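Undergrad: Okay, handing you the structure first.
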Amino acid sequence: MTLEDLRRMQETQKEILFDIVDICEKSEIEYFLMYGTLLGAVRHGGTIPWDNDIDIAMTRENYMKFYRTASNMPEWLEKYDINIMGSGELEYLSEMKIGRRGSKIYLPGTENLGIMLQMAVDIFLIEQMKEYGPKMGSLIAKACGILRIAKLNWDEKRLLMLCIDDSGRSGALLYKGGLYVMHVFRWFVGEKRIEKLIYRLTVDKSGKSNRVAVNIEPGKWWRKDMFSRTEEMLYEGRMLKVPGGSHELLEEIYGDYMCYPPEDKRYGKRFDEYITEFNF
């Protein structure tokens with residue numbers, strides 16, 4: 001991928017984001033810019049120049065409302081695919097990717113794997129999390145981390161194996177052996193049941209918890225009040241919604257987030273190898 005390809009991809013993702021926001025504004029659906037997209041809004045007033053993805057987050061109520069609304073817009077669906085990752089079910093562990101039809105980004109050797117190749121915007125769930133003590137919380141986080149890997153389909157595990165090979169880390173065979181064992185577990189239990197188990201171990205449905213997490217990541221939670229109000233911030237010439245606790249949130253995720261990373265750390269080590277296609 002060249003820098004020109006990256007710029008065109010970023011424009012494609014911005015178009016997806018703005019089309020999502022149009023639906024949200026018309027249908028009174030609340031969303032937040034999240035992760036690197038939020039950092040880009042705060043530090044750059046838009047996309048981080050070397051970033052290649054866009055993330056937003058919604059509470060479950062808004063997440064479901066967006067899915068129902070977008071799924072019933074035939075003209076919108078001519079342009080975009082709504083991809084529910086994992087088992088494809090919405091009830092438990094869920095992540096939505098809005099992919100631009102006719103677009104692709106992939107590494108050589110992965111184009112035939114059964115994984116999503118479209119340029120997309122990720123929509124993550126914001127959920128209230130159960131409040132465990134430190135020891136139990138650490139145990140639950142480790143267990144859910146293993147379960148998340150176990151629930152991956154075989155092509156996703158093959159992609160993970162390629163990443164292990166690229167990393168050059170010692171014990172690669174041991175890691176790969178563990179993936180085979182976890183896939184046998186998935187085959188017996190089923191992906192949806194694993195998602196349900198993670199959900200039941202982590203999500204507080206009572207509404208009393210003061211902890212929330214994005215994409216149901218145990219051990220990576222924030223105070224509920226950081227998301228209890230919205231603010232607007234300029235992003236690529238348009239005012240978009242961000243969490244009221246954005247600055248505290250970014251500090252917890254990135255530390256000194258206003259400090260730019262070294263130039264040699266800004267692009268991924270395989271950046272030049274990515275292949276992009278724009279067939280639209």
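Naming scheme: A, B, ... for chains in displayed order of the structure tokens; residues 1 onward per chain; ligands 1 onward as shown.
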What are the DSSP strand (DSSP E) residues of region 63-124 of chain A, as a PyMOL selection string?
TA: chain A and resi 80-84+95-100+103-106+120-124
Undergrad: Need to verify the contact set: region 95-108 of chain A, 7 Å, only C-alpha atoms, exclusion of same-chain residues closer than 6 positions in sequence. Can you return it as a list in words?
TA: Lys79, Tyr80, Asp81, Ile82, Asn83, Ile84, Met85, Leu117, Gln118, Met119, Ala120, Val121, Asp122, Ile123, Phe124, Leu125, Glu273, Tyr274, Ile275, Thr276, Glu277, Phe278, Asn279 and Phe280 of chain A
Undergrad: Taking the chain letters and numbering used in this document, name the residues of region 24-254 of chain A that DSSP puts in helix (DSSP H, G or I), as number ranges by chain.
TA: A: 24-27, 35-44, 60-71, 74-77, 134-150, 154-167, 172-189, 191-202, 224-227, 246-254
Undergrad: Near Tyr92 (chain A), within 7 Å and counting only C-alpha atoms, which residues show up once chain neighbours fewer than 5 positions away are dropped, as an NGL selection string?
TA: :A and (195-196 or 199)
Undergrad: Could you name the residues that touch Ile56 (chain A) at 6 Å or less, counting only C-alpha atoms, but leaving out those on the same chain fewer than 6 positions away, as JSON, numbers by chain?
TA: {"A": [32, 33, 34, 123]}
